[in-house]
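Data file: work-v3.cif. Format and content: mmCIF, C-alpha atoms and all ligand atoms.
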data_start
loop_
_atom_site.label_atom_id
_atom_site.label_comp_id
_atom_site.auth_asym_id
_atom_site.auth_seq_id
_atom_site.Cartn_x
_atom_site.Cartn_y
_atom_site.Cartn_z
CA MET P 1 -37.17 -146.08 -32.39
CA LYS P 2 -33.91 -146.97 -34.04
CA HIS P 3 -33.25 -143.41 -35.17
CA TYR P 4 -31.74 -142.51 -31.80
CA ARG P 5 -28.53 -143.60 -30.16
CA ALA P 6 -30.29 -143.48 -26.85
CA TRP P 7 -33.74 -142.52 -25.71
CA ALA P 8 -35.69 -142.33 -22.48
CA GLU P 9 -39.20 -143.53 -23.04
CA ILE P 10 -41.58 -141.65 -20.76
CA ASP P 11 -44.84 -143.50 -20.25
CA LEU P 12 -47.52 -140.89 -19.64
CA ASP P 13 -50.11 -143.57 -18.88
CA ALA P 14 -47.91 -144.74 -16.01
CA LEU P 15 -47.71 -141.14 -14.81
CA THR P 16 -51.52 -140.88 -14.98
CA HIS P 17 -51.80 -144.08 -12.98
CA ASN P 18 -49.31 -142.96 -10.32
CA LEU P 19 -51.01 -139.59 -9.93
CA ALA P 20 -54.32 -141.38 -9.38
CA VAL P 21 -52.68 -143.57 -6.70
CA ILE P 22 -51.27 -140.44 -5.08
CA ARG P 23 -54.62 -138.68 -5.16
CA ARG P 24 -56.26 -141.68 -3.54
CA ARG P 25 -53.58 -141.81 -0.83
CA ALA P 26 -53.88 -138.10 -0.16
CA GLY P 27 -57.62 -138.44 0.30
CA SER P 28 -60.37 -136.02 -0.63
CA GLY P 29 -59.85 -132.39 0.18
CA VAL P 30 -56.05 -132.65 0.07
CA GLY P 31 -54.43 -130.94 -2.90
CA VAL P 32 -51.49 -132.35 -4.85
CA MET P 33 -48.46 -130.26 -5.75
CA LEU P 34 -46.39 -132.34 -8.17
CA VAL P 35 -42.68 -131.75 -7.70
CA VAL P 36 -41.04 -131.29 -11.12
CA LYS P 37 -37.67 -129.90 -10.06
CA ALA P 38 -34.52 -130.97 -11.94
CA ASP P 39 -36.48 -131.22 -15.19
CA ALA P 40 -39.06 -133.45 -13.50
CA TYR P 41 -36.32 -135.73 -12.14
CA GLY P 42 -35.03 -136.05 -15.69
CA HIS P 43 -38.40 -136.90 -17.25
CA GLY P 44 -38.86 -133.49 -18.93
CA ALA P 45 -40.63 -130.85 -16.84
CA VAL P 46 -42.67 -129.22 -19.59
CA ALA P 47 -44.28 -132.40 -20.88
CA VAL P 48 -44.75 -133.82 -17.39
CA ALA P 49 -46.28 -130.59 -16.07
CA HIS P 50 -48.71 -130.24 -18.97
CA HIS P 51 -49.81 -133.83 -18.57
CA ALA P 52 -50.12 -133.61 -14.80
CA VAL P 53 -52.27 -130.49 -15.07
CA ARG P 54 -54.54 -132.34 -17.51
CA CYS P 55 -54.72 -135.12 -14.90
CA GLY P 56 -56.03 -132.58 -12.40
CA ILE P 57 -53.11 -131.88 -10.09
CA ASP P 58 -53.34 -128.50 -8.34
CA SER P 59 -49.89 -127.03 -8.56
CA LEU P 60 -46.24 -127.63 -9.33
CA GLY P 61 -43.09 -127.44 -7.25
CA VAL P 62 -39.75 -126.53 -8.83
CA GLY P 63 -36.24 -126.04 -7.57
CA THR P 64 -35.26 -122.75 -9.18
CA SER P 65 -36.89 -119.71 -10.69
CA ALA P 66 -35.46 -120.64 -14.10
CA GLU P 67 -37.39 -123.89 -13.91
CA ALA P 68 -40.55 -122.00 -13.00
CA LEU P 69 -40.09 -119.56 -15.88
CA GLU P 70 -39.50 -122.41 -18.32
CA LEU P 71 -42.91 -123.77 -17.40
CA ARG P 72 -44.58 -120.37 -17.69
CA GLU P 73 -43.00 -119.86 -21.12
CA ALA P 74 -44.36 -123.24 -22.16
CA GLY P 75 -47.86 -122.05 -21.23
CA VAL P 76 -48.28 -123.74 -17.86
CA ARG P 77 -50.65 -121.52 -15.88
CA ALA P 78 -51.08 -123.62 -12.73
CA PRO P 79 -49.62 -122.25 -9.49
CA ILE P 80 -45.87 -122.90 -9.28
CA LEU P 81 -43.83 -122.79 -6.08
CA VAL P 82 -40.05 -122.43 -5.97
CA LEU P 83 -39.61 -124.96 -3.16
CA GLY P 84 -36.18 -123.82 -2.16
CA THR P 85 -35.04 -120.27 -2.46
CA LEU P 86 -34.02 -117.63 -4.98
CA VAL P 87 -30.88 -115.68 -5.41
CA ASP P 88 -31.77 -111.97 -5.33
CA GLU P 89 -31.27 -111.43 -9.07
CA GLU P 90 -34.06 -113.88 -9.85
CA ALA P 91 -36.71 -112.24 -7.70
CA ALA P 92 -38.18 -109.68 -10.10
CA SER P 93 -38.95 -112.02 -12.98
CA THR P 94 -40.29 -114.56 -10.52
CA LEU P 95 -42.79 -112.07 -9.08
CA ARG P 96 -43.81 -110.77 -12.49
CA HIS P 97 -44.85 -114.27 -13.52
CA ARG P 98 -46.89 -114.88 -10.39
CA ILE P 99 -44.58 -117.60 -9.19
CA GLU P 100 -44.83 -118.48 -5.52
CA ILE P 101 -41.75 -118.30 -3.34
CA GLY P 102 -40.65 -120.05 -0.17
CA ILE P 103 -39.61 -117.58 2.49
CA HIS P 104 -37.27 -118.27 5.39
CA SER P 105 -35.83 -115.01 6.71
CA SER P 106 -36.65 -111.44 7.67
CA ASP P 107 -34.28 -110.20 4.99
CA ARG P 108 -36.33 -111.99 2.43
CA VAL P 109 -39.55 -110.45 3.74
CA THR P 110 -38.05 -106.97 3.46
CA MET P 111 -36.57 -107.55 0.01
CA LEU P 112 -39.72 -109.12 -1.47
CA GLU P 113 -42.00 -106.52 0.09
CA ARG P 114 -39.97 -103.69 -1.43
CA LEU P 115 -39.75 -105.38 -4.82
CA ALA P 116 -43.43 -106.31 -4.93
CA ARG P 117 -44.36 -102.72 -4.07
CA ASN P 118 -42.15 -101.37 -6.87
CA LEU P 119 -43.60 -103.84 -9.36
CA GLY P 120 -47.16 -103.19 -8.22
CA VAL P 121 -47.84 -106.87 -7.49
CA ARG P 122 -48.62 -109.01 -4.46
CA ALA P 123 -45.99 -111.66 -3.85
CA ARG P 124 -47.44 -115.04 -3.00
CA VAL P 125 -45.21 -116.65 -0.38
CA HIS P 126 -44.98 -119.88 1.61
CA LEU P 127 -43.35 -119.68 5.02
CA ASN P 128 -40.80 -122.48 5.26
CA ILE P 129 -40.21 -123.75 8.79
CA ASP P 130 -37.16 -125.89 9.54
CA THR P 131 -38.30 -128.61 11.93
CA GLY P 132 -35.32 -130.91 11.44
CA MET P 133 -34.07 -130.88 7.87
CA GLY P 134 -31.51 -128.23 8.77
CA ARG P 135 -31.38 -126.87 5.25
CA LEU P 136 -33.64 -123.96 4.39
CA GLY P 137 -36.42 -122.72 6.59
CA VAL P 138 -36.68 -120.60 9.70
CA LEU P 139 -36.24 -122.32 13.06
CA PRO P 140 -39.46 -122.81 15.03
CA GLU P 141 -38.42 -120.27 17.69
CA SER P 142 -38.18 -117.52 15.06
CA ALA P 143 -41.22 -118.55 13.05
CA LEU P 144 -43.79 -116.44 14.89
CA ARG P 145 -41.80 -113.29 14.31
CA LEU P 146 -41.75 -114.06 10.59
CA PHE P 147 -45.49 -114.78 10.57
CA GLY P 148 -45.92 -111.31 12.05
CA GLU P 149 -43.63 -109.65 9.53
CA ILE P 150 -45.35 -111.28 6.59
CA HIS P 151 -48.71 -110.28 8.00
CA ALA P 152 -47.57 -106.67 8.26
CA ALA P 153 -46.09 -106.59 4.76
CA ARG P 154 -48.86 -105.21 2.57
CA HIS P 155 -47.48 -106.60 -0.69
CA LEU P 156 -46.94 -110.12 0.59
CA GLU P 157 -49.68 -112.70 0.70
CA LEU P 158 -49.11 -115.81 2.82
CA VAL P 159 -50.49 -118.64 0.70
CA GLY P 160 -48.73 -121.55 2.36
CA VAL P 161 -46.89 -122.77 5.45
CA MET P 162 -44.51 -125.67 4.96
CA THR P 163 -41.88 -127.89 6.46
CA HIS P 164 -39.81 -130.69 4.93
CA ILE P 165 -39.42 -134.17 6.42
CA SER P 166 -35.86 -135.49 6.42
CA ALA P 167 -36.35 -139.22 7.14
CA ALA P 168 -36.29 -141.42 4.04
CA ARG P 169 -38.67 -143.78 5.83
CA GLY P 170 -41.25 -141.08 6.47
CA ALA P 171 -43.75 -141.88 9.20
CA LEU P 172 -41.93 -145.16 9.97
CA ASP P 173 -39.19 -143.11 11.58
CA ASP P 174 -39.59 -141.53 15.04
CA ALA P 175 -37.69 -138.46 13.88
CA THR P 176 -40.60 -137.65 11.56
CA HIS P 177 -43.05 -137.55 14.44
CA GLU P 178 -40.74 -135.22 16.31
CA GLN P 179 -40.72 -132.94 13.25
CA VAL P 180 -44.51 -133.08 13.07
CA ARG P 181 -44.77 -132.18 16.73
CA ARG P 182 -42.53 -129.13 16.31
CA PHE P 183 -44.41 -128.05 13.23
CA GLN P 184 -47.76 -128.42 14.93
CA ALA P 185 -46.61 -126.32 17.88
CA VAL P 186 -45.72 -123.45 15.54
CA LEU P 187 -49.00 -123.79 13.64
CA ASP P 188 -50.97 -123.67 16.90
CA GLN P 189 -49.19 -120.53 18.08
CA ALA P 190 -49.72 -118.80 14.73
CA ARG P 191 -53.38 -119.78 14.71
CA ASP P 192 -53.86 -118.46 18.25
CA ARG P 193 -52.52 -115.10 17.15
CA GLY P 194 -54.65 -115.06 14.02
CA LEU P 195 -51.61 -115.21 11.74
CA LEU P 196 -52.14 -118.58 10.08
CA ARG P 197 -53.09 -118.21 6.41
CA GLY P 198 -52.87 -120.28 3.27
CA ARG P 199 -52.40 -123.99 2.89
CA VAL P 200 -50.28 -126.06 5.26
CA HIS P 201 -48.09 -128.77 3.70
CA LEU P 202 -45.28 -131.14 4.66
CA ALA P 203 -45.57 -134.57 3.01
CA ASN P 204 -43.17 -135.79 0.31
CA SER P 205 -43.56 -139.27 -1.21
CA ALA P 206 -42.07 -141.18 1.72
CA SER P 207 -44.39 -139.48 4.21
CA LEU P 208 -47.43 -139.85 2.00
CA PHE P 209 -46.89 -143.56 1.43
CA THR P 210 -46.18 -144.37 5.06
CA GLY P 211 -49.44 -142.88 6.22
CA LEU P 212 -48.23 -139.69 7.84
CA ALA P 213 -51.14 -137.83 9.45
CA PRO P 214 -52.35 -135.19 9.33
CA LEU P 215 -51.42 -134.33 5.77
CA HIS P 216 -53.01 -130.90 6.16
CA GLU P 217 -54.14 -129.23 2.92
CA LEU P 218 -51.55 -130.21 0.35
CA VAL P 219 -49.00 -132.95 -0.38
CA ARG P 220 -45.78 -132.57 -2.38
CA PRO P 221 -44.88 -135.89 -4.00
CA GLY P 222 -42.08 -136.19 -6.53
CA ILE P 223 -40.42 -139.57 -6.90
CA SER P 224 -43.61 -141.62 -6.39
CA ALA P 225 -45.26 -139.89 -9.35
CA TYR P 226 -42.38 -141.20 -11.43
CA GLY P 227 -43.14 -144.70 -10.19
CA ILE P 228 -40.46 -145.15 -7.56
CA LEU P 229 -40.53 -145.19 -3.79
CA PRO P 230 -37.45 -144.68 -1.68
CA GLY P 231 -36.12 -147.56 0.37
CA GLY P 232 -38.66 -150.21 -0.62
CA LEU P 233 -41.45 -148.54 1.34
CA PRO P 234 -44.89 -150.14 1.37
CA GLY P 235 -46.97 -149.19 -1.65
CA ALA P 236 -44.16 -149.47 -4.19
CA ALA P 237 -46.03 -152.26 -5.93
CA GLU P 238 -48.97 -149.95 -6.66
CA LEU P 239 -46.77 -147.68 -8.74
CA GLN P 240 -45.61 -148.05 -12.34
CA PRO P 241 -42.18 -146.93 -13.57
CA VAL P 242 -42.48 -143.98 -15.92
CA MET P 243 -39.01 -143.87 -17.46
CA SER P 244 -37.17 -146.56 -19.38
CA LEU P 245 -33.63 -145.79 -20.51
CA THR P 246 -32.86 -147.46 -23.79
CA THR P 247 -30.17 -147.64 -26.43
CA GLN P 248 -29.14 -149.92 -29.28
CA VAL P 249 -26.21 -152.17 -30.08
CA VAL P 250 -23.84 -150.34 -32.44
CA PHE P 251 -21.06 -152.91 -32.72
CA LEU P 252 -20.57 -156.64 -32.09
CA LYS P 253 -17.23 -158.33 -31.81
CA ASP P 254 -16.23 -161.95 -31.22
CA VAL P 255 -13.18 -161.96 -29.00
CA PRO P 256 -10.80 -164.65 -27.72
CA ALA P 257 -10.27 -165.46 -24.04
CA GLY P 258 -8.04 -162.90 -22.36
CA THR P 259 -9.34 -159.88 -24.30
CA THR P 260 -9.45 -156.87 -22.00
CA VAL P 261 -12.12 -154.18 -22.01
CA GLY P 262 -12.16 -150.50 -21.16
CA TYR P 263 -9.97 -148.07 -19.25
CA ASP P 264 -7.46 -149.73 -16.95
CA SER P 265 -8.38 -153.14 -18.43
CA THR P 266 -10.38 -154.03 -15.34
CA TRP P 267 -12.09 -156.95 -17.11
CA SER P 268 -10.68 -159.66 -19.28
CA ALA P 269 -12.69 -162.32 -21.08
CA PRO P 270 -12.57 -165.62 -19.14
CA ARG P 271 -13.41 -167.46 -22.38
CA ALA P 272 -14.05 -166.66 -26.00
CA THR P 273 -17.20 -164.56 -26.10
CA ARG P 274 -19.12 -161.88 -27.98
CA LEU P 275 -19.03 -158.26 -26.86
CA ALA P 276 -21.63 -155.63 -27.72
CA THR P 277 -20.77 -151.94 -27.70
CA LEU P 278 -23.51 -149.55 -26.56
CA PRO P 279 -23.33 -145.86 -27.52
CA VAL P 280 -24.11 -144.58 -24.00
CA GLY P 281 -21.87 -143.75 -21.10
CA TYR P 282 -21.87 -141.90 -17.85
CA ASN P 283 -22.73 -138.65 -19.61
CA ASP P 284 -26.01 -140.26 -20.67
CA GLY P 285 -26.94 -141.59 -17.24
CA VAL P 286 -25.15 -144.94 -17.10
CA ALA P 287 -23.53 -144.66 -13.69
CA TRP P 288 -19.76 -145.11 -13.74
CA ARG P 289 -20.09 -147.40 -10.74
CA LEU P 290 -21.94 -149.92 -12.90
CA GLY P 291 -18.67 -150.95 -14.55
CA ASN P 292 -18.21 -154.71 -13.87
CA ARG P 293 -21.33 -154.60 -11.65
CA GLY P 294 -24.42 -153.67 -13.62
CA VAL P 295 -26.50 -155.52 -16.19
CA VAL P 296 -28.62 -154.53 -19.16
CA LEU P 297 -31.54 -156.26 -20.89
CA VAL P 298 -31.05 -157.45 -24.45
CA ARG P 299 -33.41 -159.87 -26.24
CA GLY P 300 -35.17 -160.42 -22.94
CA GLN P 301 -32.00 -161.53 -21.17
CA ARG P 302 -29.62 -159.95 -18.73
CA ALA P 303 -26.15 -159.22 -20.01
CA PRO P 304 -23.39 -157.97 -17.71
CA ILE P 305 -21.62 -154.66 -18.17
CA VAL P 306 -17.92 -155.49 -18.52
CA GLY P 307 -15.02 -153.15 -17.88
CA ARG P 308 -15.40 -149.53 -16.95
CA VAL P 309 -18.28 -147.42 -18.19
CA SER P 310 -16.77 -144.57 -20.21
CA MET P 311 -18.21 -141.17 -21.09
CA ASP P 312 -19.79 -142.22 -24.38
CA TYR P 313 -19.68 -146.00 -24.46
CA THR P 314 -20.49 -149.07 -22.41
CA THR P 315 -19.52 -152.65 -23.25
CA VAL P 316 -21.62 -155.69 -22.41
CA ASP P 317 -20.90 -159.41 -22.66
CA VAL P 318 -23.60 -161.02 -24.81
CA GLY P 319 -21.85 -164.34 -25.36
CA HIS P 320 -24.80 -166.20 -23.80
CA VAL P 321 -27.57 -164.34 -25.64
CA ARG P 322 -28.65 -165.93 -28.90
CA GLY P 323 -29.09 -163.98 -32.10
CA VAL P 324 -27.94 -160.53 -30.97
CA GLU P 325 -27.61 -158.14 -33.91
CA VAL P 326 -26.38 -154.63 -34.44
CA GLY P 327 -29.41 -152.39 -33.95
CA ASP P 328 -30.97 -154.52 -31.20
CA THR P 329 -32.66 -152.48 -28.51
CA VAL P 330 -30.97 -152.56 -25.12
CA THR P 331 -32.61 -151.47 -21.87
CA LEU P 332 -30.49 -149.92 -19.12
CA PHE P 333 -33.40 -149.60 -16.71
CA GLY P 334 -37.16 -149.76 -16.90
CA ARG P 335 -39.41 -151.90 -19.03
CA ALA P 336 -38.54 -153.91 -22.11
CA GLY P 337 -41.57 -155.70 -23.46
CA GLY P 338 -42.59 -158.11 -20.71
CA GLU P 339 -39.27 -157.82 -18.88
CA GLN P 340 -38.22 -155.23 -16.38
CA LEU P 341 -34.92 -154.04 -14.98
CA ALA P 342 -35.98 -152.15 -11.89
CA LEU P 343 -34.42 -148.76 -11.34
CA GLU P 344 -34.11 -149.58 -7.63
CA GLU P 345 -31.97 -152.60 -8.47
CA VAL P 346 -29.75 -150.59 -10.79
CA ALA P 347 -29.42 -147.89 -8.13
CA ARG P 348 -28.35 -150.48 -5.58
CA GLU P 349 -25.64 -151.81 -7.88
CA ALA P 350 -24.48 -148.28 -8.55
CA ALA P 351 -24.42 -147.52 -4.79
CA THR P 352 -26.77 -144.58 -5.28
CA ILE P 353 -30.46 -143.70 -5.05
CA PRO P 354 -32.99 -143.91 -7.89
CA TYR P 355 -33.39 -140.10 -7.79
CA GLU P 356 -29.80 -139.63 -8.88
CA LEU P 357 -30.11 -142.04 -11.79
CA THR P 358 -33.13 -140.45 -13.48
CA CYS P 359 -31.73 -136.96 -12.83
CA SER P 360 -28.46 -138.01 -14.48
CA VAL P 361 -29.99 -138.98 -17.82
CA GLY P 362 -28.10 -136.57 -20.02
CA LYS P 363 -29.06 -134.01 -22.61
CA ARG P 364 -28.03 -136.27 -25.48
CA VAL P 365 -30.73 -138.76 -24.58
CA LYS P 366 -33.94 -138.09 -26.48
CA ARG P 367 -37.09 -138.06 -24.35
CA VAL P 368 -39.85 -139.92 -26.17
CA TYR P 369 -43.33 -139.59 -24.73
CA VAL P 370 -45.80 -142.43 -25.19
CA GLY P 371 -49.41 -142.83 -24.12
CA GLY P 372 -51.20 -140.02 -22.41
CA GLU P 373 -54.54 -140.15 -24.17
CA ALA P 374 -56.69 -141.85 -21.57
CA LEU P 375 -57.11 -139.36 -18.76
CA PRO P 376 -59.34 -139.76 -15.77
CA LEU P 377 -61.10 -136.51 -15.01
CA PRO P 378 -60.38 -135.25 -11.51
CA SER P 379 -63.92 -136.07 -10.41
CA GLN P 380 -63.73 -139.65 -11.66
CA PRO P 381 -62.50 -142.50 -9.51
CA ALA P 382 -58.94 -143.65 -10.11
CA PRO P 383 -58.55 -146.05 -13.02
CA PRO P 384 -58.02 -149.75 -12.38
CA THR P 385 -54.51 -151.14 -12.79
CA ARG P 386 -53.75 -150.78 -16.46
CA ALA P 387 -54.39 -153.60 -18.86
CA VAL P 388 -51.39 -155.26 -20.46
CA PRO P 389 -51.40 -154.23 -24.13
CA GLN P 390 -51.77 -157.04 -26.63
CA PRO P 391 -48.52 -157.74 -28.48
CA ASP P 392 -49.81 -156.90 -31.95
CA GLU P 393 -51.85 -153.91 -30.90
CA PRO P 394 -50.44 -150.63 -32.26
CA ARG P 395 -49.10 -148.28 -29.59
CA PRO P 396 -51.82 -145.78 -28.78
CA HIS P 397 -50.30 -142.46 -29.56
CA ARG P 398 -46.81 -141.17 -29.68
CA THR P 399 -45.68 -137.63 -29.15
CA GLU P 400 -42.10 -136.61 -29.34
CA VAL P 401 -40.77 -133.62 -27.54
CA ALA P 402 -37.33 -132.34 -28.17
CA GLY P 403 -34.98 -132.62 -25.28
C1 LIG U 501 -37.93 -132.70 -3.69
C2 LIG U 501 -38.91 -132.24 -2.70
C3 LIG U 501 -40.12 -132.92 -2.50
C4 LIG U 501 -40.46 -134.22 -3.20
O1 LIG U 501 -39.77 -135.30 -2.60
P1 LIG U 501 -39.95 -136.81 -3.08
O2 LIG U 501 -39.13 -137.58 -2.13
O3 LIG U 501 -39.43 -136.87 -4.47
O4 LIG U 501 -41.40 -137.13 -3.03
C5 LIG U 501 -41.03 -132.35 -1.62
N1 LIG U 501 -40.75 -131.21 -0.95
C6 LIG U 501 -39.58 -130.55 -1.11
C7 LIG U 501 -39.34 -129.30 -0.35
C8 LIG U 501 -38.62 -131.04 -1.98
O5 LIG U 501 -37.46 -130.38 -2.12
#
The structure given in the file should be rewritten as structure tokens.
Amino acid sequence: MKHYRAWAEIDLDALTHNLAVIRRRAGSGVGVMLVVKADAYGHGAVAVAHHAVRCGIDSLGVGTSAEALELREAGVRAPILVLGTLVDEEAASTLRHRIEIGIHSSDRVTMLERLARNLGVRARVHLNIDTGMGRLGVLPESALRLFGEIHAARHLELVGVMTHISAARGALDDATHEQVRRFQAVLDQARDRGLLRGRVHLANSASLFTGLAPLHELVRPGISAYGILPGGLPGAAELQPVMSLTTQVVFLKDVPAGTTVGYDSTWSAPRATRLATLPVGYNDGVAWRLGNRGVVLVRGQRAPIVGRVSMDYTTVDVGHVRGVEVGDTVTLFGRAGGEQLALEEVAREAATIPYELTCSVGKRVKRVYVGGEALPLPSQPAPPTRAVPQPDEPRPHRTEVAG
């Protein structure tokens, strides 16, 4: 792998495993919409979507119409929902490619109805109800009116009704149950009036893994598919990290005590030591906050990041690690052979959330996909926890996708 300055290894077998865990949690009869917004949280939406579809997931959730169109252009034919909203200019191409749209206002109903009529298509829409997130979505008291308007719009087809849970602790938080109660009240009213159509969905990863019930017809996990659960929720141990962020040592330097490192000289060597320069910085996804706080893995050992992280480079103190050479692989998070530097731990040091770290892995970092051959068919039971590969066994199969 030494031909890259930095690469994010994406373990498709771990993704397969996590999707099987998710499917088991969701239970039979509940569909899975994999959320692949923000380039699949930095993992590469096209490759992740293709693989997830092969694993039997039902549909995909994206953040913008451009993300949806990227998947369509790459040949993904599964249903795709723009979870948030569109700006008006995006609507026509979105409808032409049979991309589903969240709807949250009367204006939107009118605009989409007119556009769909002109294009000669039926727009597939999900009514988004705001039960406490306070972001997008129509308030419960206006929801029935919107149900009615969608029903009356001949070129709109209601294929889903959704809300979004705000609590990071999912069903462990009382606020979630209040949201569920409000949502249920709207669903009941719509059902009574014969206006309820399509699939009902609300659960993100946190809700799914904390046993929220009912899950209705569809769940919308994102982060858990990538092997991470927010806030150390139960079930984290069942998941496997998908991304490992890796680079290599490009320069080694023996320095005397008192040598300072980086902008503003925030670190100086307490003793003579050896410094390794890594060709990655905050543009590549090494959080600036990790300066003088974070660690990396090199030769199976932890080495502290010293001085500030800069845009293109990071310096680590490897004085205690034997035999470090230029070209050695260095792990910034994820797996390294038998060792692991957990993304959650790195996020804590960087005073952020794991979501932000994987999303921040920059364009210069090559995504390298490994594994992905062994696929359980949707009708098969989930695979057992994966076997640890033998050290001298060749890696199964390696596909590289530009990115
Ligand atoms: C991002 C998102 C999700 C997925 O959330 P995770 O916490 O990553 O599981 C689900 N639904 C909506 C509307 C989202 O925006």
Can you build me a table of chain P residues sitting at most 9 Å from ligand LIG 501 (chain U), with the closest atom pair per residue and its distance in Å to one decimal, using only C-alpha atoms and all ligand atoms, sorted by chain and residue number, as CSV?
residue,atom,partner,partner_atom,distance
P:Met33,CA,U:LIG501,C5,8.8
P:Leu34,CA,U:LIG501,C4,8.0
P:Val35,CA,U:LIG501,C4,5.6
P:Val36,CA,U:LIG501,C1,8.2
P:Lys37,CA,U:LIG501,C1,7.0
P:Tyr41,CA,U:LIG501,O3,8.4
P:Gly61,CA,U:LIG501,N1,7.7
P:Val62,CA,U:LIG501,O5,8.1
P:Gly63,CA,U:LIG501,O5,7.1
P:Val82,CA,U:LIG501,C7,8.9
P:Leu83,CA,U:LIG501,C7,5.2
P:Gly84,CA,U:LIG501,C7,6.6
P:Asn128,CA,U:LIG501,C7,9.0
P:Met162,CA,U:LIG501,C7,8.3
P:Thr163,CA,U:LIG501,C7,7.4
P:His164,CA,U:LIG501,C7,5.5
P:Ile165,CA,U:LIG501,N1,8.1
P:Ala168,CA,U:LIG501,O2,7.8
P:Leu202,CA,U:LIG501,N1,7.2
P:Ala203,CA,U:LIG501,C5,6.9
P:Asn204,CA,U:LIG501,O4,4.0
P:Ser205,CA,U:LIG501,O4,3.5
P:Ala206,CA,U:LIG501,O2,6.0
P:Ser207,CA,U:LIG501,O4,8.2
P:Leu208,CA,U:LIG501,O4,8.3
P:Val219,CA,U:LIG501,C5,8.1
P:Arg220,CA,U:LIG501,C5,4.8
P:Pro221,CA,U:LIG501,O4,3.8
P:Gly222,CA,U:LIG501,O3,3.4
P:Ile223,CA,U:LIG501,O3,3.8
P:Ser224,CA,U:LIG501,O4,6.0
P:Ala225,CA,U:LIG501,O4,7.9
P:Tyr226,CA,U:LIG501,O3,8.7
P:Ile228,CA,U:LIG501,O3,8.9
P:Leu229,CA,U:LIG501,O2,7.9
P:Pro230,CA,U:LIG501,O2,7.3
P:Tyr355,CA,U:LIG501,O3,7.6
What does the structure give for the distance between CA of Val159 (chain P) and CA of His126 (chain P), in Å to one decimal?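 Computed distance, CA of Val159 (chain P) to CA of His126 (chain P), equals 5.7 Å.
Rounded to one decimal, CA of Arg299 (chain P) and CA of Pro256 (chain P) lie 23.2 Å from each other.
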Check the smallest atom-to-atom distance from each of P:Val296, P:Ala38, P:Ala14, P:Val30 to Val200 (chain P) using only C-alpha atoms, then report the winner.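 The answer is P:Val30, which sits nearest to Val200 (chain P).
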Expressed in Å to a single decimal, how great is the separation between CA of Ala143 (chain P) and CA of Ile129 (chain P)? 6.8 Å
Using all atoms listed in the file: which of P:Leu252, P:Ala336, P:Ile150, P:Val242 has the shortest distance to Gly323 (chain P):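 Checking each candidate against Gly323 (chain P), we get P:Leu252 as the closest.
Each of P:His97, P:Arg191, P:His155, P:Arg77 was checked against Glu113 (chain P) using only C-alpha atoms; the smallest atom-to-atom distance is that of P:His155.
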Choose the residue, out of P:Gly294, P:Gly235, P:Pro214, P:Pro79, that has the smallest atom-to-atom separation from Thr331 (chain P); count all atoms listed in the file.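 Looking at the shortest contact to Thr331 (chain P), the residue is P:Gly294.
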Of the candidates P:Val255, P:Ala49, P:Leu15, P:Val87, which shows the shortest atom-to-atom distance to Gly75 (chain P), using only C-alpha atoms?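 Checking each candidate against Gly75 (chain P), we get P:Ala49 as the closest.
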In terms of the shortest atom-to-atom distance over all atoms listed in the file, which of P:Arg322, P:Arg169, P:His43, P:Arg154 is closest to Arg124 (chain P)?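 Comparing P:Arg322, P:Arg169, P:His43, P:Arg154 against Arg124 (chain P), the winner is P:Arg154.
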Neighbourhood query: residues within 12 Å of (-30.4, -166.3, -22.7), file coordinates, counting all atoms listed in the file; return as a ChimeraX atom specification. /P:297-304,317-324
